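Peer 1: Just so it is clear, I am handing over data-v1.csv, which has CSV, C-alpha atoms.
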chain,number,residue,atom,x,y,z
A,246,MET,CA,18.3,28.6,-7.2
A,247,THR,CA,16.4,27.0,-10.2
A,248,SER,CA,17.8,27.4,-13.7
A,249,LEU,CA,14.3,27.0,-15.2
A,250,SER,CA,12.0,29.8,-16.2
A,251,PRO,CA,8.7,29.9,-14.3
A,252,CYS,CA,6.9,28.6,-17.4
A,253,GLN,CA,8.9,25.4,-17.2
A,254,LEU,CA,8.0,24.7,-13.6
A,255,PRO,CA,4.6,23.5,-12.4
A,256,ALA,CA,2.3,26.3,-11.2
A,257,SER,CA,1.9,24.4,-8.0
A,258,VAL,CA,2.3,20.9,-6.6
A,259,ALA,CA,0.2,18.6,-4.3
A,260,ILE,CA,2.1,16.1,-2.1
A,261,LEU,CA,0.3,13.1,-0.6
A,262,GLY,CA,2.1,11.5,2.3
A,263,SER,CA,4.0,14.8,3.0
A,264,THR,CA,5.2,13.7,6.5
A,265,GLY,CA,7.0,10.6,5.1
A,266,SER,CA,10.6,10.4,3.9
A,267,VAL,CA,9.8,11.0,0.2
A,268,GLY,CA,7.1,13.5,1.0
A,269,ARG,CA,9.5,15.6,3.1
A,270,GLN,CA,12.0,15.5,0.3
A,271,ALA,CA,9.4,16.6,-2.2
A,272,LEU,CA,8.7,19.6,0.0
A,273,GLU,CA,12.4,20.4,0.0
A,274,VAL,CA,12.4,20.3,-3.8
A,275,ALA,CA,9.3,22.5,-4.1
A,276,GLU,CA,10.8,25.1,-1.7
A,277,TYR,CA,14.2,25.1,-3.5
A,278,HIS,CA,12.5,25.9,-6.8
A,279,HIS,CA,9.9,28.2,-5.3
A,280,ILE,CA,7.0,26.0,-6.4
A,281,PRO,CA,3.8,26.7,-4.4
A,282,VAL,CA,2.4,23.8,-2.4
A,283,ASP,CA,-1.4,23.7,-2.9
A,284,PHE,CA,-2.3,20.5,-1.0
A,285,ILE,CA,-0.7,18.2,1.4
A,286,SER,CA,-1.9,15.0,3.1
A,287,ALA,CA,-0.7,12.6,5.8
A,288,HIS,CA,-2.1,9.9,8.0
A,289,SER,CA,-1.8,11.3,11.5
A,290,SER,CA,1.5,13.1,12.2
A,291,VAL,CA,-0.1,16.2,13.5
A,292,ASP,CA,3.0,17.9,14.9
A,293,LEU,CA,4.9,17.7,11.6
A,294,LEU,CA,1.8,18.6,9.6
A,295,GLU,CA,1.3,21.7,11.7
A,296,GLN,CA,4.9,22.7,11.0
A,297,GLN,CA,4.4,22.0,7.2
A,298,VAL,CA,1.2,24.1,7.1
A,299,ARG,CA,2.9,27.0,8.7
A,300,ARG,CA,5.9,26.8,6.5
A,301,PHE,CA,4.4,26.0,3.1
A,302,HIS,CA,0.9,27.6,3.5
A,303,PRO,CA,-1.1,25.0,1.5
A,304,ARG,CA,-4.7,25.8,0.6
A,305,LEU,CA,-5.8,22.3,1.6
A,306,CYS,CA,-4.5,19.7,4.0
A,307,ALA,CA,-6.1,16.2,4.4
A,308,VAL,CA,-5.5,14.0,7.4
A,309,ALA,CA,-6.6,10.3,7.0
A,310,ASP,CA,-7.0,9.8,10.8
A,311,GLU,CA,-10.2,11.7,11.7
A,312,LYS,CA,-9.2,12.4,15.4
A,313,ALA,CA,-5.8,13.8,14.2
A,314,ALA,CA,-7.7,15.9,11.6
A,315,ALA,CA,-9.8,17.5,14.4
A,316,ASP,CA,-6.7,18.2,16.4
A,317,LEU,CA,-4.9,19.8,13.4
A,318,ARG,CA,-8.0,21.9,12.6
A,319,THR,CA,-7.9,23.4,16.1
A,320,ARG,CA,-4.1,24.0,16.0
A,321,ILE,CA,-4.1,25.8,12.7
A,322,ALA,CA,-7.4,27.7,13.1
A,323,ASP,CA,-5.4,31.0,12.7
A,324,THR,CA,-4.3,30.0,9.2
A,325,PRO,CA,-6.4,30.0,5.9
A,326,THR,CA,-5.6,26.3,5.3
A,327,ARG,CA,-8.7,24.1,5.1
A,328,VAL,CA,-8.4,20.7,6.8
A,329,LEU,CA,-10.1,17.7,5.2
A,330,ALA,CA,-10.7,14.5,7.3
A,331,GLY,CA,-10.5,10.8,6.7
A,332,SER,CA,-9.5,8.8,3.6
A,333,GLU,CA,-12.4,10.4,1.8
A,334,GLY,CA,-10.8,13.8,2.6
A,335,VAL,CA,-7.6,12.7,0.9
A,336,LEU,CA,-9.6,11.8,-2.2
A,337,ALA,CA,-11.6,15.0,-2.0
A,338,GLY,CA,-8.4,17.0,-1.8
A,339,VAL,CA,-7.1,15.4,-5.0
A,340,GLY,CA,-10.3,16.4,-6.7
A,341,GLU,CA,-10.2,20.0,-5.4
A,342,THR,CA,-6.5,20.8,-5.8
A,343,ASP,CA,-5.4,23.2,-8.6
A,344,ALA,CA,-2.0,21.6,-8.7
A,345,PRO,CA,-1.1,20.2,-12.2
A,346,VAL,CA,1.3,17.7,-10.6
A,347,VAL,CA,0.5,15.4,-7.7
A,348,VAL,CA,3.3,13.5,-5.8
A,349,ASN,CA,1.8,10.3,-4.3
A,350,ALA,CA,4.2,9.3,-1.5
A,351,ILE,CA,1.6,7.5,0.6
A,352,LEU,CA,2.8,4.3,2.2
A,353,GLY,CA,1.3,0.9,1.3
A,354,GLU,CA,-2.0,-0.2,-0.3
A,355,ALA,CA,-3.6,3.0,1.1
A,356,GLY,CA,-2.0,4.9,-1.8
A,357,LEU,CA,-4.0,3.0,-4.5
A,358,LEU,CA,-7.3,4.9,-4.5
A,359,PRO,CA,-5.5,8.3,-4.4
A,360,THR,CA,-3.4,7.2,-7.4
A,361,LEU,CA,-6.6,6.4,-9.3
A,362,ALA,CA,-8.2,9.7,-8.1
A,363,VAL,CA,-5.2,11.6,-9.5
A,364,ILE,CA,-5.5,9.8,-12.9
A,365,ASP,CA,-9.3,10.4,-13.0
A,366,ALA,CA,-8.6,14.1,-12.3
A,367,GLY,CA,-6.3,14.2,-15.3
A,368,ARG,CA,-3.2,15.4,-13.4
A,369,ARG,CA,0.4,14.4,-13.9
A,370,LEU,CA,1.2,11.7,-11.3
A,371,ALA,CA,4.6,11.6,-9.7
A,372,LEU,CA,4.4,8.1,-8.3
A,373,ALA,CA,6.3,7.1,-5.2
A,374,ASN,CA,3.7,4.6,-4.0
A,375,LYS,CA,4.8,1.4,-5.6
A,376,GLU,CA,1.9,-0.6,-4.1
A,377,SER,CA,-0.5,1.2,-6.5
A,378,LEU,CA,1.2,-0.8,-9.3
A,379,VAL,CA,1.7,-4.0,-7.3
A,380,VAL,CA,-1.9,-4.2,-6.2
A,381,ALA,CA,-3.7,-3.1,-9.3
A,382,GLY,CA,-1.0,-2.2,-11.9
A,383,ARG,CA,-3.0,-3.2,-15.0
A,384,GLU,CA,-6.0,-1.1,-13.9
A,385,VAL,CA,-3.8,1.9,-13.1
A,386,MET,CA,-2.0,1.8,-16.4
A,387,ARG,CA,-5.2,1.2,-18.3
A,388,ARG,CA,-6.9,4.3,-16.8
A,389,ALA,CA,-3.8,6.4,-17.4
A,390,ARG,CA,-3.7,5.4,-21.1
A,391,GLU,CA,-7.4,6.1,-21.5
A,392,ARG,CA,-7.1,9.5,-19.9
A,393,GLY,CA,-3.8,10.5,-21.4
A,394,VAL,CA,-2.2,11.0,-17.9
A,395,GLU,CA,1.5,11.0,-17.5
A,396,ILE,CA,2.9,8.8,-14.8
A,397,LEU,CA,6.5,9.9,-13.8
A,398,PRO,CA,8.1,7.3,-11.5
A,399,VAL,CA,9.8,8.6,-8.4
A,400,ASP,CA,11.5,5.4,-7.2
A,401,SER,CA,15.1,5.9,-8.1
A,402,GLU,CA,15.3,2.7,-10.2
A,403,HIS,CA,12.2,3.5,-12.3
A,404,CYS,CA,13.2,7.1,-12.6
A,405,ALA,CA,16.6,5.8,-13.9
A,406,ILE,CA,14.9,3.4,-16.4
A,407,PHE,CA,12.6,6.1,-17.6
A,408,GLN,CA,15.6,8.3,-18.4
A,409,CYS,CA,17.5,5.5,-20.0
A,410,LEU,CA,14.5,4.7,-22.3
A,411,GLN,CA,14.9,8.1,-23.9
A,412,ALA,CA,17.9,6.6,-25.8
A,413,GLY,CA,15.8,4.3,-28.0
A,414,CYS,CA,12.3,3.0,-28.9
A,415,LYS,CA,10.4,0.4,-27.0
A,416,HIS,CA,10.8,-2.3,-29.7
A,417,GLU,CA,14.6,-1.8,-29.4
A,418,VAL,CA,14.6,-2.8,-25.7
A,419,ARG,CA,15.9,-6.2,-24.8
A,420,SER,CA,15.8,-6.0,-21.0
A,421,LEU,CA,15.6,-3.8,-18.0
A,422,LEU,CA,18.4,-4.1,-15.5
A,423,LEU,CA,17.0,-3.2,-12.1
A,424,THR,CA,19.8,-2.5,-9.6
A,425,ALA,CA,19.6,-3.3,-5.9
A,426,SER,CA,21.9,-2.3,-3.0
A,427,GLY,CA,21.5,-5.8,-1.6
A,428,GLY,CA,20.4,-4.4,1.7
A,429,PRO,CA,22.2,-4.7,5.0
A,430,PHE,CA,22.3,-8.6,4.9
A,431,PHE,CA,23.9,-9.2,1.5
A,432,GLY,CA,25.6,-12.5,1.5
A,433,TYR,CA,23.8,-13.8,4.6
A,434,SER,CA,22.4,-17.3,4.8
A,435,ARG,CA,18.9,-18.0,6.0
A,436,GLU,CA,20.3,-19.3,9.3
A,437,GLN,CA,22.1,-16.0,9.8
A,438,LEU,CA,19.0,-14.0,8.8
A,439,SER,CA,17.0,-15.8,11.5
A,440,ARG,CA,19.2,-14.2,14.2
A,441,VAL,CA,19.2,-10.6,13.0
A,442,THR,CA,17.6,-7.9,15.2
A,443,ARG,CA,15.1,-5.2,14.4
A,444,ALA,CA,17.8,-2.6,14.9
A,445,GLU,CA,20.2,-4.3,12.5
A,446,THR,CA,17.5,-4.6,9.9
A,447,LEU,CA,16.7,-0.9,10.0
A,448,ALA,CA,20.3,0.1,9.5
A,449,HIS,CA,20.3,0.3,5.7
A,450,PRO,CA,23.8,0.8,4.3
A,451,THR,CA,22.9,3.5,1.7
A,452,TRP,CA,19.4,5.0,1.8
A,453,GLN,CA,17.5,6.8,4.6
A,454,MET,CA,14.0,5.5,4.4
A,455,GLY,CA,11.0,4.7,6.5
A,456,ALA,CA,10.9,1.6,8.7
A,457,LYS,CA,8.6,-0.5,6.5
A,458,ILE,CA,10.5,0.1,3.2
A,459,THR,CA,13.8,-0.5,5.0
A,460,VAL,CA,12.6,-4.0,6.2
A,461,ASP,CA,11.4,-4.7,2.6
A,462,SER,CA,14.9,-3.7,1.3
A,463,ALA,CA,16.5,-6.1,3.8
A,464,THR,CA,14.3,-9.0,2.6
A,465,LEU,CA,14.5,-8.0,-1.1
A,466,MET,CA,10.7,-7.8,-1.1
A,467,ASN,CA,11.1,-4.1,-2.1
A,468,LYS,CA,13.1,-5.2,-5.1
A,469,GLY,CA,10.3,-7.7,-5.9
A,470,PHE,CA,7.8,-4.9,-5.8
A,471,GLU,CA,10.0,-2.8,-8.0
A,472,LEU,CA,10.2,-5.6,-10.5
A,473,ILE,CA,6.4,-5.7,-10.7
A,474,GLU,CA,6.4,-1.9,-10.9
A,475,ALA,CA,8.9,-1.9,-13.8
A,476,ALA,CA,7.0,-4.5,-15.7
A,477,CYS,CA,3.7,-2.5,-15.3
A,478,LEU,CA,5.2,0.9,-16.0
A,479,PHE,CA,7.2,0.0,-19.1
A,480,GLY,CA,4.9,-2.7,-20.5
A,481,LEU,CA,7.3,-5.7,-20.4
A,482,PRO,CA,6.9,-9.2,-19.0
A,483,ALA,CA,8.6,-10.0,-15.7
A,484,GLU,CA,11.2,-12.2,-17.5
A,485,ALA,CA,12.5,-9.1,-19.2
A,486,VAL,CA,13.5,-7.5,-15.9
A,487,THR,CA,16.8,-8.7,-14.4
A,488,VAL,CA,17.9,-7.6,-10.9
A,489,VAL,CA,21.6,-6.7,-10.5
A,490,VAL,CA,23.1,-6.1,-7.1
A,491,GLN,CA,25.1,-2.8,-7.2
A,492,ARG,CA,26.3,-2.3,-3.7
A,493,GLN,CA,27.4,1.3,-4.1
A,494,SER,CA,23.9,2.4,-5.2
A,495,ILE,CA,25.5,4.8,-7.8
A,496,ILE,CA,24.0,3.1,-10.9
A,497,HIS,CA,20.3,3.4,-10.3
A,498,SER,CA,19.3,1.1,-13.1
A,499,MET,CA,20.1,0.3,-16.8
A,500,VAL,CA,18.4,-0.6,-20.1
A,501,GLU,CA,19.9,-3.1,-22.5
A,502,TYR,CA,19.0,-2.6,-26.1
A,503,ILE,CA,18.9,-5.1,-28.9
A,504,ASP,CA,22.3,-4.0,-30.3
A,505,ASN,CA,23.9,-5.1,-26.9
A,506,THR,CA,24.3,-1.4,-25.8
A,507,VAL,CA,23.5,-0.8,-22.2
A,508,ILE,CA,22.5,2.7,-21.1
A,509,ALA,CA,22.9,3.5,-17.3
A,510,GLN,CA,21.8,6.4,-15.1
A,511,LEU,CA,24.3,7.3,-12.3
A,512,SER,CA,24.1,9.8,-9.5
A,513,VAL,CA,24.6,10.1,-5.8
A,514,PRO,CA,21.8,8.2,-3.9
A,515,ASP,CA,19.3,10.9,-3.1
A,516,MET,CA,15.6,10.7,-3.8
A,517,ARG,CA,15.4,14.5,-4.3
A,518,ASP,CA,16.8,14.0,-7.8
A,519,CYS,CA,13.9,11.7,-8.7
A,520,VAL,CA,11.2,14.0,-7.3
A,521,GLN,CA,12.7,17.0,-9.1
A,522,TYR,CA,12.8,15.1,-12.4
A,523,ALA,CA,9.2,14.1,-12.1
A,524,LEU,CA,8.2,17.8,-11.4
A,525,THR,CA,10.3,19.4,-14.1
A,526,TYR,CA,10.2,16.7,-16.9
A,527,PRO,CA,10.9,17.1,-19.8
A,528,ALA,CA,13.2,19.9,-18.6
A,529,ARG,CA,16.1,19.6,-16.2
A,530,ALA,CA,17.0,22.0,-13.4
A,531,GLU,CA,19.9,22.7,-11.1
A,532,GLY,CA,19.7,20.0,-8.4
A,533,LEU,CA,19.9,20.0,-4.6
A,534,THR,CA,22.2,17.1,-4.5
A,535,PRO,CA,26.0,17.1,-4.8
A,536,PRO,CA,27.6,16.1,-8.1
A,537,LEU,CA,29.0,12.6,-8.6
A,538,ASP,CA,32.8,12.5,-8.0
A,539,PHE,CA,34.1,9.6,-10.0
A,540,PHE,CA,37.7,10.1,-8.6
A,541,SER,CA,36.6,9.4,-5.1
A,542,LEU,CA,34.2,6.7,-6.0
A,543,GLY,CA,36.8,4.0,-6.4
A,544,ARG,CA,35.0,1.2,-8.2
A,545,LEU,CA,31.6,-0.2,-9.0
A,546,THR,CA,30.7,-3.8,-8.3
A,547,PHE,CA,28.0,-6.1,-9.6
A,548,ASP,CA,26.6,-9.3,-8.2
A,549,ARG,CA,23.7,-11.7,-8.6
A,550,PRO,CA,21.0,-11.7,-6.0
A,551,ASP,CA,20.7,-14.9,-3.8
A,552,LEU,CA,17.3,-16.1,-5.0
A,553,GLU,CA,17.4,-19.2,-2.8
A,554,THR,CA,17.8,-17.3,0.4
A,555,PHE,CA,15.8,-14.2,-0.5
A,556,VAL,CA,12.8,-16.1,-1.8
A,557,LEU,CA,10.5,-13.1,-1.9
A,558,LEU,CA,12.2,-11.6,-5.0
A,559,PRO,CA,11.4,-14.6,-7.3
A,560,LEU,CA,8.0,-15.0,-5.6
A,561,ALA,CA,7.2,-11.4,-6.8
A,562,ALA,CA,8.0,-12.3,-10.4
A,563,HIS,CA,5.9,-15.4,-10.1
A,564,ALA,CA,3.0,-13.5,-8.6
A,565,TYR,CA,3.1,-10.9,-11.4
A,566,SER,CA,3.1,-13.7,-14.0
A,567,LEU,CA,0.0,-15.3,-12.4
A,568,GLY,CA,-1.7,-12.0,-12.5
A,569,GLY,CA,-5.2,-11.2,-11.2
A,570,ALA,CA,-5.1,-10.5,-7.4
A,571,VAL,CA,-2.0,-12.5,-6.7
A,572,PRO,CA,0.3,-9.5,-6.5
A,573,ALA,CA,-2.2,-7.8,-4.2
A,574,VAL,CA,-2.1,-11.0,-2.0
A,575,LEU,CA,1.7,-10.7,-2.0
A,576,ASN,CA,1.6,-7.1,-0.8
A,577,ALA,CA,-1.1,-7.6,1.8
A,578,ALA,CA,0.7,-10.6,3.4
A,579,ASN,CA,4.0,-8.7,3.4
A,580,GLU,CA,2.4,-5.6,5.0
A,581,GLU,CA,1.0,-7.7,7.9
A,582,ALA,CA,4.2,-9.7,8.4
A,583,VAL,CA,6.4,-6.6,8.4
A,584,ALA,CA,4.2,-4.9,10.9
A,585,ALA,CA,4.5,-7.9,13.2
A,586,PHE,CA,8.3,-7.9,12.8
A,587,LEU,CA,8.5,-4.2,13.6
A,588,ALA,CA,6.5,-4.9,16.7
A,589,ASP,CA,9.2,-7.4,17.7
A,590,ARG,CA,6.8,-10.3,17.4
A,591,LEU,CA,8.5,-12.2,14.6
A,592,HIS,CA,12.0,-13.1,13.3
A,593,LEU,CA,13.0,-11.7,10.0
A,594,THR,CA,12.7,-15.1,8.3
A,595,ASP,CA,9.1,-15.5,9.5
A,596,ILE,CA,8.3,-12.7,7.0
A,597,PHE,CA,9.5,-15.0,4.2
A,598,ASP,CA,7.4,-17.9,5.4
A,599,ILE,CA,4.2,-16.0,6.1
A,600,VAL,CA,4.3,-14.3,2.7
A,601,CYS,CA,5.1,-17.5,0.8
A,602,GLU,CA,2.4,-19.5,2.6
A,603,THR,CA,-0.3,-16.9,2.1
A,604,VAL,CA,0.5,-16.5,-1.6
A,605,GLU,CA,0.4,-20.3,-2.0
A,606,GLU,CA,-2.9,-20.5,-0.2
A,607,TYR,CA,-4.6,-17.9,-2.5
A,608,SER,CA,-2.7,-18.1,-5.8
A,609,SER,CA,-5.1,-20.5,-7.6
A,610,THR,CA,-8.3,-18.5,-6.8
A,611,ALA,CA,-6.7,-15.0,-6.8
A,612,ALA,CA,-5.2,-15.4,-10.3
A,613,ARG,CA,-8.8,-15.5,-11.7
A,614,VAL,CA,-9.9,-12.2,-10.1
A,615,GLU,CA,-10.1,-9.4,-12.6
A,616,THR,CA,-12.1,-6.5,-11.2
A,617,LEU,CA,-10.7,-3.8,-8.9
A,618,ASP,CA,-13.3,-4.6,-6.2
A,619,GLY,CA,-12.5,-8.3,-6.4
A,620,ILE,CA,-8.7,-7.6,-6.1
A,621,LEU,CA,-9.3,-5.4,-3.0
A,622,ALA,CA,-11.6,-8.0,-1.4
A,623,THR,CA,-9.1,-10.8,-2.0
A,624,ALA,CA,-6.3,-8.6,-0.5
A,625,ARG,CA,-8.4,-8.1,2.6
A,626,GLU,CA,-8.9,-11.8,3.0
A,627,ALA,CA,-5.2,-12.5,2.5
A,628,ARG,CA,-4.4,-9.8,5.0
A,629,LEU,CA,-6.4,-11.6,7.7
A,630,ALA,CA,-4.9,-14.9,6.8
A,631,ALA,CA,-1.4,-13.5,7.1
A,632,ARG,CA,-2.3,-11.8,10.4
A,633,ARG,CA,-3.4,-15.2,11.8
A,634,ARG,CA,-0.1,-16.8,10.7
A,635,ALA,CA,1.8,-14.0,12.3
A,636,ASP,CA,-0.2,-14.5,15.6
A,637,GLN,CA,0.6,-18.2,15.5
A,638,ARG,CA,4.3,-17.6,15.1
A,639,ALA,CA,4.6,-14.7,17.5
A,640,HIS,CA,7.4,-15.1,20.1
For this file, write the structure as structure tokens.
Peer 2:
Amino acid sequence: MTSLSPCQLPASVAILGSTGSVGRQALEVAEYHHIPVDFISAHSSVDLLEQQVRRFHPRLCAVADEKAAADLRTRIADTPTRVLAGSEGVLAGVGETDAPVVVNAILGEAGLLPTLAVIDAGRRLALANKESLVVAGREVMRRARERGVEILPVDSEHCAIFQCLQAGCKHEVRSLLLTASGGPFFGYSREQLSRVTRAETLAHPTWQMGAKITVDSATLMNKGFELIEAACLFGLPAEAVTVVVQRQSIIHSMVEYIDNTVIAQLSVPDMRDCVQYALTYPARAEGLTPPLDFFSLGRLTFDRPDLETFVLLPLAAHAYSLGGAVPAVLNAANEEAVAAFLADRLHLTDIFDIVCETVEEYSSTAARVETLDGILATAREARLAARRRADQRAH
């Protein structure tokens, strides 16, 4: 039961990517606090979408896959929910929803245009789609500033930093300490990584996530994306963000101030905390997650990431420093390589090579690209180049 009064909760919420891991947890939070769900969207998971429509009674539901949208429209014809079709339907739903807060939990680059649509609509954005900031972070933040839109990060690390930053002013911040679990292969050499299986890669030691983000966690590409996300969100250079391996995933990130004080945010690893904070900020409410028990915790450990083996992490910092469309190239190449790995066509280490080679191929020209259309066009080219590389390496 929520401890907040109704006036402190959003009147309703929209959830983009409602069938994914974060989207499902966002629905749990909404249900727990009796927040009406006005709009949901997904790519094509019709069975789960039908269940969500019947349970949460959204006014609008968008399905990016048009065949799936037609199927859903038939299935829920006995409900008042209106089904919108295609990627245009997702954007139309953002424009039509009455919800003052929109959770964007869409996976991958597909989440960028919905992010911009939320900002253009003037709604609070609870952002779980890190690719929006990786691909076009400067454009996203520029539009948000111009329109006075709040972006509340839903990633556990950025939610933690956001909270830690309440302890001081921006000019008092020395660095952001971005924590990482280290993934399932912490301490592995490249030779060991070349032999790991798909099943081993998907067995994350702490977090329950979708397949793509779990692979990114194993390669530390996810942490590279989060480094870019942190630099964009909080207006700092990549050099001011340090990655710290915190294997227990209890410290979700930290902020170091100029007086050498470090403020940390701790909790059990559960994304529902982050979603809830984005919905209720600046207030706090009773949570769905269990309290942190320090006496059973034992100890907390800290390590440096292995940047020589897990080369995608420093590559991400370099891509952000180059700017332009280089981060978009990084993301596109990684999406293609991970898809090929999940299809059992590549070894894990092939992901490293494909992404590095594609970024190297495009970096000099991509760094000079400034417009959003140019960034997206360059990303499409890089995606095809990475796909060709994956086809050449397929085993």
Peer 1: Name the residues within 12 Å of (-11.6, 10.5, -10.4), counting all atoms listed in the file in the file's coordinates, and put them as an MDAnalysis selection string.
Peer 2: chainID A and resid 336:341 358:368 385 388:389 392
Peer 1: Looking at A:Gly356, A:Gly427, A:Gly331, A:Pro303, which one is nearest to Leu261 in chain A, with distances taken over only C-alpha atoms?
Peer 2: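 Among the listed residues, A:Gly356 lies closest to Leu261 in chain A.
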Peer 1: Per residue of range 492-601 of chain A within 9 Å of range 265-269 of chain A, which atom pair is closest and at what distance in Å (one decimal), using all atoms listed in the file, listed by chain and increasing number, as CSV?
Peer 2:
residue,atom,partner,partner_atom,distance
A:Met516,CA,A:Val267,CA,7.1
A:Arg517,CA,A:Val267,CA,8.0
A:Val520,CA,A:Val267,CA,8.2
Peer 1: Taking into account all atoms listed in the file, which residue in the set A:Glu333, A:Asp292, A:Glu606, A:Glu276 is nearest to Thr264 in chain A?
Peer 2: A:Asp292
Peer 1: Kindly indicate which residue among A:Ser420, A:Ala523, A:Glu354, A:Glu311 lies nearest to Ile396 in chain A, using only C-alpha atoms for the distances.
Peer 2: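 Under the stated criterion, the closest residue is A:Ala523.
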Peer 1: When you count only C-alpha atoms, which of these residues is closest to Arg419 in chain A: A:Val571, A:Val486, A:Cys519, A:Leu524?
Peer 2: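 Closest residue, counting only C-alpha atoms: A:Val486.
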Peer 1: Need to verify the contact set: Leu560 in chain A, 10 Å, only C-alpha atoms, exclusion of same-chain residues closer than 3 positions in sequence. Can you return it as a list in words?
Peer 2: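 Neighbouring residues, sequence-local ones excluded: Met466, Gly469, Leu552, Phe555, Val556, Leu557, His563, Ala564, Tyr565, Ser566, Pro572, Leu575, Phe597, Val600, Cys601, Val604 and Glu605 of chain A.
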Peer 1: Could you check which of A:Glu417, A:Ala350, A:His288, A:Gly619 is closest to Asp504 in chain A, using all atoms listed in the file?
Peer 2: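 Counting all atoms listed in the file, the residue closest to Asp504 in chain A is A:Glu417.
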Peer 1: Within 12 Å of (2.0, 0.0, 1.5) (coordinates as in the file), grab all the protein and nucleic acid residues, counting only C-alpha atoms, and write them out as an MDAnalysis selection string.
Peer 2: chainID A and resid 262 349:357 373:380 455:458 461 466:467 470 573 575:581 583:584
Peer 1: What's the separation between CA of Asp310 in chain A and CA of Thr342 in chain A, in Å to one decimal place?
Peer 2: 19.9 Å
Peer 1: Find, counting only C-alpha atoms, the residue in A:Met454, A:Cys477, A:Leu465, A:Ala485 that gets nearest to Leu421 in chain A.
Peer 2: A:Ala485
Peer 1: Tell me, as a ChimeraX atom specification, which residues lie within 12 Å of range 525-530 of chain A, counting only C-alpha atoms; anything in the same chain fewer than 2 positions away does not count.
Peer 2: /A:246-258,274-275,277-278,280,345-346,369-371,395-399,404,407-408,411,517-523,532-534
Peer 1: Any idea what's packed within 10 Å of Arg320 in chain A, counting all atoms listed in the file, ignoring anything in its chain fewer than 4 positions away? Could you give it as a list in words?
Peer 2: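 My reading of the contact set: Val291, Asp292, Glu295, Ala314, Ala315, Asp316 and Thr324 of chain A.
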Peer 1: How many Å lie between CA of Ile620 in chain A and CA of Gly569 in chain A, rounded to one decimal?
Peer 2: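 So the two atoms, CA of Ile620 in chain A and CA of Gly569 in chain A, lie 7.2 Å apart.
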